[in-house]
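What follows is final_0.cif (mmCIF, C-alpha atoms).
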```
data_my_file
#
loop_
_atom_site.label_atom_id
_atom_site.label_comp_id
_atom_site.auth_asym_id
_atom_site.auth_seq_id
_atom_site.Cartn_x
_atom_site.Cartn_y
_atom_site.Cartn_z
CA MET A 34 -43.43 9.69 -39.40
CA LEU A 35 -46.84 9.97 -37.76
CA LEU A 36 -47.18 12.45 -34.89
CA ASN A 37 -50.59 13.53 -33.54
CA ALA A 38 -51.93 12.31 -36.88
CA ASP A 39 -55.39 11.25 -35.65
CA PHE A 40 -57.47 14.38 -36.23
CA SER A 41 -60.41 12.92 -34.28
CA LYS A 42 -58.43 13.32 -31.04
CA ASN A 43 -58.04 16.34 -28.78
CA VAL A 44 -54.38 17.33 -28.44
CA VAL A 45 -52.81 19.74 -25.93
CA VAL A 46 -49.03 20.35 -26.00
CA ASP A 47 -46.95 22.56 -23.70
CA THR A 48 -44.28 23.52 -26.21
CA ASN A 49 -42.16 25.16 -23.50
CA ALA A 50 -41.47 21.69 -22.08
CA MET A 51 -40.31 20.25 -25.41
CA PRO A 52 -36.66 19.92 -26.47
CA TRP A 53 -35.44 21.53 -29.66
CA ASP A 54 -34.64 18.80 -32.18
CA ASP A 55 -32.01 19.17 -34.88
CA SER A 56 -33.13 19.82 -38.44
CA PRO A 57 -31.14 18.87 -41.55
CA MET A 58 -29.77 22.45 -41.64
CA VAL A 59 -27.04 23.66 -39.27
CA GLY A 60 -28.33 26.22 -36.76
CA ILE A 61 -32.02 25.41 -37.30
CA HIS A 62 -34.03 23.42 -34.74
CA ARG A 63 -37.64 22.27 -34.46
CA ARG A 64 -40.39 21.34 -32.06
CA LYS A 65 -42.73 19.04 -33.98
CA LEU A 66 -46.42 19.36 -33.04
CA ASP A 67 -48.13 17.24 -35.68
CA ARG A 68 -46.68 15.51 -38.70
CA ILE A 69 -47.59 13.08 -41.47
CA GLY A 70 -44.45 12.32 -43.47
CA ASP A 71 -40.71 12.68 -43.12
CA GLU A 72 -38.78 15.74 -44.33
CA VAL A 73 -41.51 16.49 -46.88
CA ALA A 74 -44.60 16.34 -44.69
CA ARG A 75 -47.93 17.74 -43.68
CA ALA A 76 -46.62 19.38 -40.54
CA THR A 77 -47.18 21.89 -37.77
CA SER A 78 -44.02 22.97 -35.95
CA LEU A 79 -42.10 25.60 -34.09
CA VAL A 80 -38.86 26.35 -35.93
CA LYS A 81 -35.91 28.20 -34.38
CA TYR A 82 -33.28 29.83 -36.58
CA GLY A 83 -30.00 30.66 -34.88
CA PRO A 84 -28.19 33.90 -35.80
CA GLN A 85 -26.80 33.82 -39.36
CA SER A 86 -28.59 30.56 -40.15
CA TYR A 87 -30.34 29.75 -43.40
CA PHE A 88 -32.45 27.06 -45.04
CA SER A 89 -31.77 25.77 -48.53
CA PRO A 90 -33.92 27.11 -51.41
CA HIS A 91 -37.16 25.17 -51.71
CA THR A 92 -40.58 25.18 -53.35
CA HIS A 93 -43.76 24.90 -51.30
CA GLY A 94 -45.40 21.79 -52.70
CA GLY A 95 -48.36 22.07 -50.32
CA GLY A 96 -48.14 25.70 -49.23
CA GLU A 97 -46.66 27.38 -46.16
CA GLU A 98 -48.23 29.54 -43.45
CA PHE A 99 -46.21 31.01 -40.57
CA LEU A 100 -46.29 33.52 -37.74
CA VAL A 101 -43.04 35.08 -36.48
CA LEU A 102 -42.90 34.68 -32.68
CA GLU A 103 -39.41 36.05 -31.97
CA GLY A 104 -36.73 37.95 -33.91
CA THR A 105 -36.81 38.61 -37.67
CA PHE A 106 -37.31 36.01 -40.41
CA SER A 107 -36.01 36.92 -43.86
CA ASP A 108 -35.92 35.70 -47.43
CA GLU A 109 -35.12 37.23 -50.81
CA HIS A 110 -38.55 38.88 -50.79
CA GLY A 111 -38.13 40.85 -47.56
CA ASP A 112 -37.74 40.92 -43.78
CA TYR A 113 -40.54 39.81 -41.47
CA PRO A 114 -40.24 41.06 -37.87
CA VAL A 115 -41.89 39.54 -34.81
CA GLY A 116 -45.67 39.50 -35.25
CA SER A 117 -45.54 39.02 -39.03
CA TYR A 118 -48.03 36.56 -40.54
CA VAL A 119 -47.01 35.15 -43.95
CA ARG A 120 -48.76 32.90 -46.48
CA ASN A 121 -46.88 31.28 -49.36
CA PRO A 122 -49.24 29.19 -51.52
CA ILE A 123 -48.50 26.04 -53.48
CA GLY A 124 -45.78 26.52 -56.09
CA THR A 125 -44.06 29.51 -54.47
CA SER A 126 -40.39 29.28 -53.51
CA HIS A 127 -37.81 31.08 -51.41
CA LYS A 128 -34.47 30.83 -49.58
CA PRO A 129 -35.17 31.69 -45.92
CA TYR A 130 -32.61 32.90 -43.38
CA SER A 131 -32.28 34.96 -40.22
CA ASP A 132 -29.46 37.36 -39.43
CA GLU A 133 -30.35 37.86 -35.76
CA GLY A 134 -32.19 34.58 -35.19
CA CYS A 135 -35.94 33.96 -34.94
CA VAL A 136 -38.68 31.55 -33.91
CA ILE A 137 -41.68 30.87 -36.14
CA PHE A 138 -44.90 28.87 -35.79
CA VAL A 139 -45.29 27.20 -39.18
CA LYS A 140 -47.81 24.98 -40.96
CA LEU A 141 -46.76 23.12 -44.13
CA HIS A 142 -48.59 21.19 -46.86
CA GLN A 143 -52.05 22.20 -45.65
CA PHE A 144 -53.26 24.48 -48.48
CA ASP A 145 -56.14 23.90 -50.84
CA GLU A 146 -54.69 24.12 -54.37
CA ARG A 147 -57.29 26.80 -55.18
CA ASP A 148 -56.10 28.99 -52.29
CA THR A 149 -53.51 31.07 -54.14
CA ALA A 150 -53.34 34.25 -52.04
CA GLN A 151 -49.74 35.20 -51.21
CA PHE A 152 -49.28 37.99 -48.66
CA SER A 153 -47.86 39.08 -45.34
CA ILE A 154 -49.37 41.10 -42.48
CA GLU A 155 -47.44 43.01 -39.82
CA THR A 156 -49.93 42.25 -37.07
CA LYS A 157 -48.33 44.59 -34.52
CA ALA A 158 -49.29 47.53 -36.73
CA ALA A 159 -52.72 46.21 -37.75
CA GLU A 160 -56.05 47.24 -36.26
CA PHE A 161 -58.05 44.69 -34.28
CA LEU A 162 -61.83 44.71 -34.77
CA PRO A 163 -64.53 44.26 -32.12
CA GLY A 164 -65.27 40.59 -31.47
CA THR A 165 -68.60 38.84 -31.01
CA ALA A 166 -68.47 38.99 -27.21
CA PRO A 167 -67.59 41.80 -24.77
CA GLY A 168 -63.84 41.88 -24.14
CA LEU A 169 -62.88 40.19 -27.42
CA SER A 170 -61.10 41.85 -30.35
CA VAL A 171 -60.13 40.10 -33.57
CA LEU A 172 -57.54 40.56 -36.31
CA PRO A 173 -58.65 38.44 -39.30
CA LEU A 174 -55.68 36.93 -41.12
CA HIS A 175 -57.18 34.74 -43.85
CA ASN A 176 -60.43 33.10 -44.96
CA PHE A 177 -61.00 30.53 -47.68
CA GLU A 178 -63.92 28.12 -48.29
CA GLY A 179 -64.93 27.86 -44.62
CA GLU A 180 -61.38 27.83 -43.29
CA SER A 181 -60.34 30.90 -41.31
CA CYS A 182 -57.49 32.07 -39.13
CA ALA A 183 -57.16 35.12 -36.92
CA LEU A 184 -55.46 36.62 -33.90
CA VAL A 185 -57.90 37.05 -31.01
CA ARG A 186 -57.24 39.29 -28.01
CA TRP A 187 -59.08 38.49 -24.75
CA GLU A 188 -59.33 41.18 -22.10
CA PRO A 189 -59.12 39.97 -18.47
CA GLY A 190 -62.36 38.36 -17.35
CA THR A 191 -63.67 37.68 -20.86
CA ILE A 192 -66.07 34.73 -21.25
CA PHE A 193 -67.17 33.37 -24.63
CA ASN A 194 -70.29 31.33 -25.34
CA PRO A 195 -70.10 27.51 -25.30
CA HIS A 196 -69.76 26.38 -28.92
CA ALA A 197 -68.93 23.47 -31.23
CA HIS A 198 -66.10 23.51 -33.76
CA TRP A 199 -67.29 22.72 -37.28
CA GLY A 200 -64.18 21.53 -39.10
CA GLY A 201 -62.16 21.65 -35.89
CA GLU A 202 -60.20 24.35 -34.13
CA GLU A 203 -56.50 24.93 -33.56
CA ILE A 204 -55.06 27.43 -31.07
CA PHE A 205 -51.56 28.61 -30.25
CA VAL A 206 -51.43 30.78 -27.11
CA LEU A 207 -49.15 33.76 -27.77
CA LYS A 208 -49.52 35.75 -24.54
CA GLY A 209 -51.30 35.34 -21.20
CA THR A 210 -53.44 32.33 -20.28
CA PHE A 211 -56.38 30.94 -22.26
CA SER A 212 -58.81 28.65 -20.39
CA ASP A 213 -61.85 26.45 -20.78
CA GLU A 214 -63.67 23.94 -18.59
CA ASN A 215 -60.90 21.41 -19.25
CA GLY A 216 -57.95 23.46 -18.02
CA ASP A 217 -55.69 26.50 -18.24
CA TYR A 218 -53.32 27.00 -21.19
CA PRO A 219 -50.45 29.47 -20.72
CA ALA A 220 -48.41 31.09 -23.47
CA GLY A 221 -46.68 28.47 -25.60
CA THR A 222 -49.56 25.96 -25.43
CA TRP A 223 -50.76 24.39 -28.69
CA ILE A 224 -54.31 23.01 -28.73
CA ARG A 225 -56.04 21.06 -31.51
CA SER A 226 -59.74 20.20 -31.15
CA PRO A 227 -61.52 17.92 -33.65
CA HIS A 228 -64.64 18.43 -35.75
CA LEU A 229 -67.76 19.02 -33.62
CA SER A 230 -65.83 19.13 -30.34
CA ARG A 231 -67.24 21.61 -27.81
CA HIS A 232 -65.90 23.87 -25.08
CA HIS A 233 -66.68 27.00 -23.03
CA PRO A 234 -63.61 29.26 -23.28
CA PHE A 235 -62.63 32.19 -21.09
CA SER A 236 -59.58 34.10 -19.87
CA LYS A 237 -59.20 35.27 -16.28
CA ASP A 238 -56.07 37.36 -16.82
CA GLY A 239 -56.34 38.07 -20.55
CA CYS A 240 -54.51 36.52 -23.47
CA LEU A 241 -53.65 36.71 -27.17
CA ILE A 242 -54.16 33.61 -29.31
CA TYR A 243 -53.71 32.49 -32.90
CA VAL A 244 -56.81 30.52 -33.85
CA LYS A 245 -57.59 28.52 -36.98
CA THR A 246 -60.96 26.89 -37.65
CA GLY A 247 -62.66 24.82 -40.34
CA HIS A 248 -59.51 23.11 -41.61
CA LEU A 249 -59.68 19.65 -40.01
CA PRO A 250 -61.46 16.56 -41.43
CA THR A 251 -65.23 16.49 -40.92
CA GLU A 252 -65.47 12.70 -41.26
#
```

This entry written out as structure tokens:
Amino acid sequence: MLLNADFSKNVVVDTNAMPWDDSPMVGIHRRKLDRIGDEVARATSLVKYGPQSYFSPHTHGGGEEFLVLEGTFSDEHGDYPVGSYVRNPIGTSHKPYSDEGCVIFVKLHQFDERDTAQFSIETKAAEFLPGTAPGLSVLPLHNFEGESCALVRWEPGTIFNPHAHWGGEEIFVLKGTFSDENGDYPAGTWIRSPHLSRHHPFSKDGCLIYVKTGHLPTE
């Protein structure tokens, strides 16, 4: 399966308008955002676990990164409430489930084999740092070899400098409305911008976004 597989293209998806597709596991559904492959794939998705649902034990052949958007995600290693950011590098394994149900934003098979950090962050309890423009605050999540991801909080009326994205940029809007000269992106919008694309972002009403940079092809 190829879905939004041309990384030279801008992609904007309103995930709220998407249906939930069945997965191979009962009680687990997906909204596929990009994908190269079938069940084992380089993929970015929203995954919804119903109450008392579980996924079969599996090993992360290409790594797994996820952010818990609703409810509590669990595995044999612990419970991860809403706001938790988790990285499971290549070769790790687990048997995930959710007692109460949850929704996660997850990226699979996108790790560098040298990126072996395994950790979780409860972002709701973490301290945001001052950003590089007035009205911005940042919670760094991970950095490796030019690739970085963070949560960024925009106060109402914040304007950031026009800039280009070396290695691309990917955004998932968690709260509020993020904007640039091309449009307005409310909570639930997924945006992927290619290498060297440019924009002039701002937020009239304020927002919280997950942002990942430096991870897309540069050729």

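Atom CA of A:Ala183 sits 12.2 Å away from atom CA of A:Val206.
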
Subject >> Local residues around (-67.3, 33.2, -23.8), at most 6 Å away, using all atoms listed in the file, as JSON, numbers by chain >> reply: {"A": [192, 193, 194, 234, 235]}

When the PyMOL selection byres ((chain A and resi 146-158) around 9) is applied to the structure above, which residues does it catch, written out as an mmCIF file with C-alpha atoms, in the frame of the given file?
```cif
data_model
loop_
_atom_site.group_PDB
_atom_site.id
_atom_site.type_symbol
_atom_site.label_atom_id
_atom_site.label_comp_id
_atom_site.auth_asym_id
_atom_site.auth_seq_id
_atom_site.Cartn_x
_atom_site.Cartn_y
_atom_site.Cartn_z
ATOM 1 C CA GLY A 95 -48.360 22.070 -50.320
ATOM 2 C CA GLY A 96 -48.140 25.700 -49.230
ATOM 3 C CA TYR A 113 -40.540 39.810 -41.470
ATOM 4 C CA PRO A 114 -40.240 41.060 -37.870
ATOM 5 C CA VAL A 115 -41.890 39.540 -34.810
ATOM 6 C CA GLY A 116 -45.670 39.500 -35.250
ATOM 7 C CA SER A 117 -45.540 39.020 -39.030
ATOM 8 C CA TYR A 118 -48.030 36.560 -40.540
ATOM 9 C CA VAL A 119 -47.010 35.150 -43.950
ATOM 10 C CA ARG A 120 -48.760 32.900 -46.480
ATOM 11 C CA ASN A 121 -46.880 31.280 -49.360
ATOM 12 C CA PRO A 122 -49.240 29.190 -51.520
ATOM 13 C CA ILE A 123 -48.500 26.040 -53.480
ATOM 14 C CA THR A 125 -44.060 29.510 -54.470
ATOM 15 C CA PHE A 144 -53.260 24.480 -48.480
ATOM 16 C CA ASP A 145 -56.140 23.900 -50.840
ATOM 17 C CA ALA A 159 -52.720 46.210 -37.750
ATOM 18 C CA GLU A 160 -56.050 47.240 -36.260
ATOM 19 C CA PHE A 161 -58.050 44.690 -34.280
ATOM 20 C CA LEU A 172 -57.540 40.560 -36.310
ATOM 21 C CA LEU A 174 -55.680 36.930 -41.120
ATOM 22 C CA PHE A 177 -61.000 30.530 -47.680
ATOM 23 C CA GLU A 178 -63.920 28.120 -48.290
ATOM 24 C CA LEU A 184 -55.460 36.620 -33.900
#
```

Adding 3 Å on each side of the box along x, y and z that holds all listed atoms of stretch 80-98 of chain A, could you give its centre and edge lengths in Å to one decimal, as lines of an AutoDock Vina configuration file?
```
center_x = -37.6
center_y = 27.8
center_z = -43.9
size_x = 27.6
size_y = 18.1
size_z = 25.0
```

**OP:** Please identify all polymer residues within 8 Å of A:Asn49, counting only C-alpha atoms, omitting same-chain residues fewer than 2 positions from it, and present them as a PyMOL selection string.
**Re:** chain A and resi 47+51+221-222

Mind dumping the selected residues with C-alpha atoms as a PDB file, in the coordinates of the input?
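Contents of part34.pdb, as written:
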```pdb
ATOM      1  CA  ASP A  47     -46.950  22.560 -23.700  1.00  0.00           C
ATOM      2  CA  MET A  51     -40.310  20.250 -25.410  1.00  0.00           C
ATOM      3  CA  GLY A 221     -46.680  28.470 -25.600  1.00  0.00           C
ATOM      4  CA  THR A 222     -49.560  25.960 -25.430  1.00  0.00           C
TER       5      THR A 222
END
```

**OP:** Check what the PyMOL selection byres ((chain A and resi 83) around 10) selects in the file above and give those residues as a list in words.
**Re:** Val59, Gly60, Ile61, His62, Val80, Lys81, Tyr82, Pro84, Gln85, Ser86, Tyr87, Gly104, Tyr130, Ser131, Asp132, Glu133, Gly134, Cys135 and Val136 of chain A

Subject >> Residue nearest A:Glu252 - candidates A:Ala50, A:Asp112, A:Phe40, A:Val185, atoms counted: all atoms listed in the file >> reply: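 Closest to A:Glu252 of all the choices is A:Phe40.
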
Subject >> d(atom CA of A:Phe138, atom CA of A:Phe99) in Å >> reply: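 Rounded to one decimal, the two atoms are 5.4 Å apart.
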
**OP:** Report as a list in words the residues that result from applying the PyMOL selection byres ((chain A and resi 248) around 6) to the structure here.
**Re:** Glu180, Gly200, Thr246, Gly247 and Leu249 of chain A

Dump of C-alpha atoms for the selected residues, as a PDB file, keeping the file's coordinate frame:
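Listing of again_0.pdb after writing:
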```pdb
ATOM      1  CA  GLU A 180     -61.380  27.830 -43.290  1.00  0.00           C
ATOM      2  CA  GLY A 200     -64.180  21.530 -39.100  1.00  0.00           C
ATOM      3  CA  THR A 246     -60.960  26.890 -37.650  1.00  0.00           C
ATOM      4  CA  GLY A 247     -62.660  24.820 -40.340  1.00  0.00           C
ATOM      5  CA  LEU A 249     -59.680  19.650 -40.010  1.00  0.00           C
TER       6      LEU A 249
END
```

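The shortest atom-to-atom distance to A:Thr191, with only C-alpha atoms taken into account, belongs to A:Ala166 out of A:Leu102, A:Ala166, A:Met34, A:Val139.
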
**OP:** Pick out the residues sitting within 9 Å of A:Val73, and hand them over as a list in words; count all atoms listed in the file, and ignore anything fewer than 2 positions along from it in its own chain.
**Re:**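 Selected residues are Ile69, Gly70, Asp71, Arg75, Ala76, Gly94, Leu141 and His142 of chain A.
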
Original post:
Which is closer to A:Gln143 than all the others in A:Leu66, A:Leu35, A:Ile242, A:Ala74, using all atoms listed in the file?
Top reply: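 Closest candidate: A:Ala74.
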
Subject >> Distance of atom CA of A:His198 from atom CA of A:His175, expressed in Å to one decimal place >> reply: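 Between atom CA of A:His175 and atom CA of A:His198 the gap works out to 17.5 Å.
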
Original post:
Between A:Leu36, A:Leu100, A:Val44, A:Leu162, which has the minimum distance to A:Ile224 (counting all atoms listed in the file)?
Top reply: A:Val44

Subject >> Who sits within 10 Å of A:Ser212, all atoms listed in the file, same chain under 6 positions skipped, as a count of residues only >> reply: 12

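Between A:Pro167 and the residues A:Arg186, A:Lys140, A:Gly179, A:Glu103, the shortest atom-to-atom distance, using only C-alpha atoms, involves A:Arg186.
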
**OP:** May I have the residues within 8 Å of A:Ser126 as a PyMOL selection string, using all atoms listed in the file and disregarding those fewer than 4 positions away in the same chain?
**Re:** chain A and resi 90-93+121
